[in-house]
Amino acid sequence: MKIKNGYVDVNGIKMYYEIYGQGVPLVLIHGGGSTIQTSFGRIIPLLAQHRQLICVELQAHGRTSDRNAPLSFEQDADDVAALLTILRVPQADLFGFSNGGNTALQIAIRHPRLCRRIIAGSVLLKRNGAPPQFWEFMKKGTFEQMPLQYKEAFLRVTPDSAKLHNLFRKCKDRVLRLTDFSDEAIRSIRAPVLLINGNADVATPEHVVALSKLIPRCSLAILPGGHGAYIGEITTLPAEQASYASTVLLMEQFLDKE
């Protein structure tokens with residue numbers, strides 16, 4: 001099914017990407033600590049039936065190299081925008097999950113001409129959007145607590161434990177120093193947006209409801225389950241394909257609107 005994969009030089013890093021399917025381009029942007037497959041492996045075959053998927057791995061993740069700088073959503077947004085320019089994609093739909101959803105919304109803020117429609121899943125744009133126990137857990141989090149599935153997936157494509165430890169440190173640092181997206185920046189998003197969140201997600205339902213009222217052209221879906229369950233993210237319990245198919249159908253209905 002995969003048509004193409006490779007690397008491009010963007011902003012001082014070598015960024016890995018994969019392309020599947022044909023049709024209107026949809027960019028998939030994975031979550032923190034993840035790879036293309038850990039976030040999207042269960043839904044890529046479904047999405048690729050009706051559109052071209054451009055799947056990326058962000059700075060220090062998976063097969064993409066690192067730079068001597070912290071991870072940031074702004075830099076990730078600029079990196080994805082540069083990739084699309086190199087691939088000669090003037091405009092695309094975006095689906096970002098978790099940290100990737102934050103990045104997708106930063107692309108909408110910083111590079112609005114690139115964005116046709118945006119799906120942002122399980123985003124956390126303000127510190128008060130997650131309960132206090134989440135921040136306590138992240139503060140005390142250790143490398144040993146990093147999901148085994150993430151560790152195995154990283155080492156499968158980049159067999160270097162030092163780079164894996166580096167990824168963990170940088171991801172943890174980014175979460176702990178999360179700076180709120182300003183209301184002004186959120187209101188500046190002009191592309192239609194679909195926010196998806198689990199009812200037992202990292203961000204509270206109240207947080208995504210509040211975001212949906214700030215984004216000018218926003219739809220909202222709160223689905224059963226925890227972080228990424230609605231797309232079968234690799235750390236979630238296995239479920240029938242029908243549950244992922246219903247989410248894909250919801251996404252496609254949004255993307256296909258005139």
# chains A, B, ... in the order shown; residues from 1 in each chain; ligands from 1
$ select_by_dssp --residues "stretch 16-243 of chain A" --states "helix (DSSP H, G or I)" --output "PyMOL selection string"
chain A and resi 36-40+44-47+73-86+99-110+112-114+127-129+132-140+143-145+148-157+161-176+183-187+205-214+229-231+241-243
$ residues_around --residues "A:Gly41" --least-positions-apart "4" --cutoff "9 Å" --atoms "only C-alpha atoms" --output "PyMOL selection string"
chain A and resi 36-37+45+232-234
$ select_by_dssp --residues "stretch 14-140 of chain A" --states "strand (DSSP E or B)" --output "ChimeraX atom specification"
/A:14-20,25-29,52-57,92-97,115-121
$ residues_around --residues "A:Asp183" --least-positions-apart "5" --cutoff "10 Å" --atoms "only C-alpha atoms" --output "VMD selection string"
chain A and resid 125 to 126 188 211 214 to 215
$ closest_residue --among "A:Ala200, A:Leu94, A:Leu164, A:Ile86" --to "A:Leu148" --atoms "only C-alpha atoms"
A:Leu164
$ closest_residue --among "A:Pro216, A:Gly21, A:Pro238, A:Gly12" --to "A:Asp79" --atoms "only C-alpha atoms"
A:Gly12
$ closest_residue --among "A:Ala77, A:Pro147, A:Val202, A:Thr85" --to "A:Gly228" --atoms "only C-alpha atoms"
A:Val202
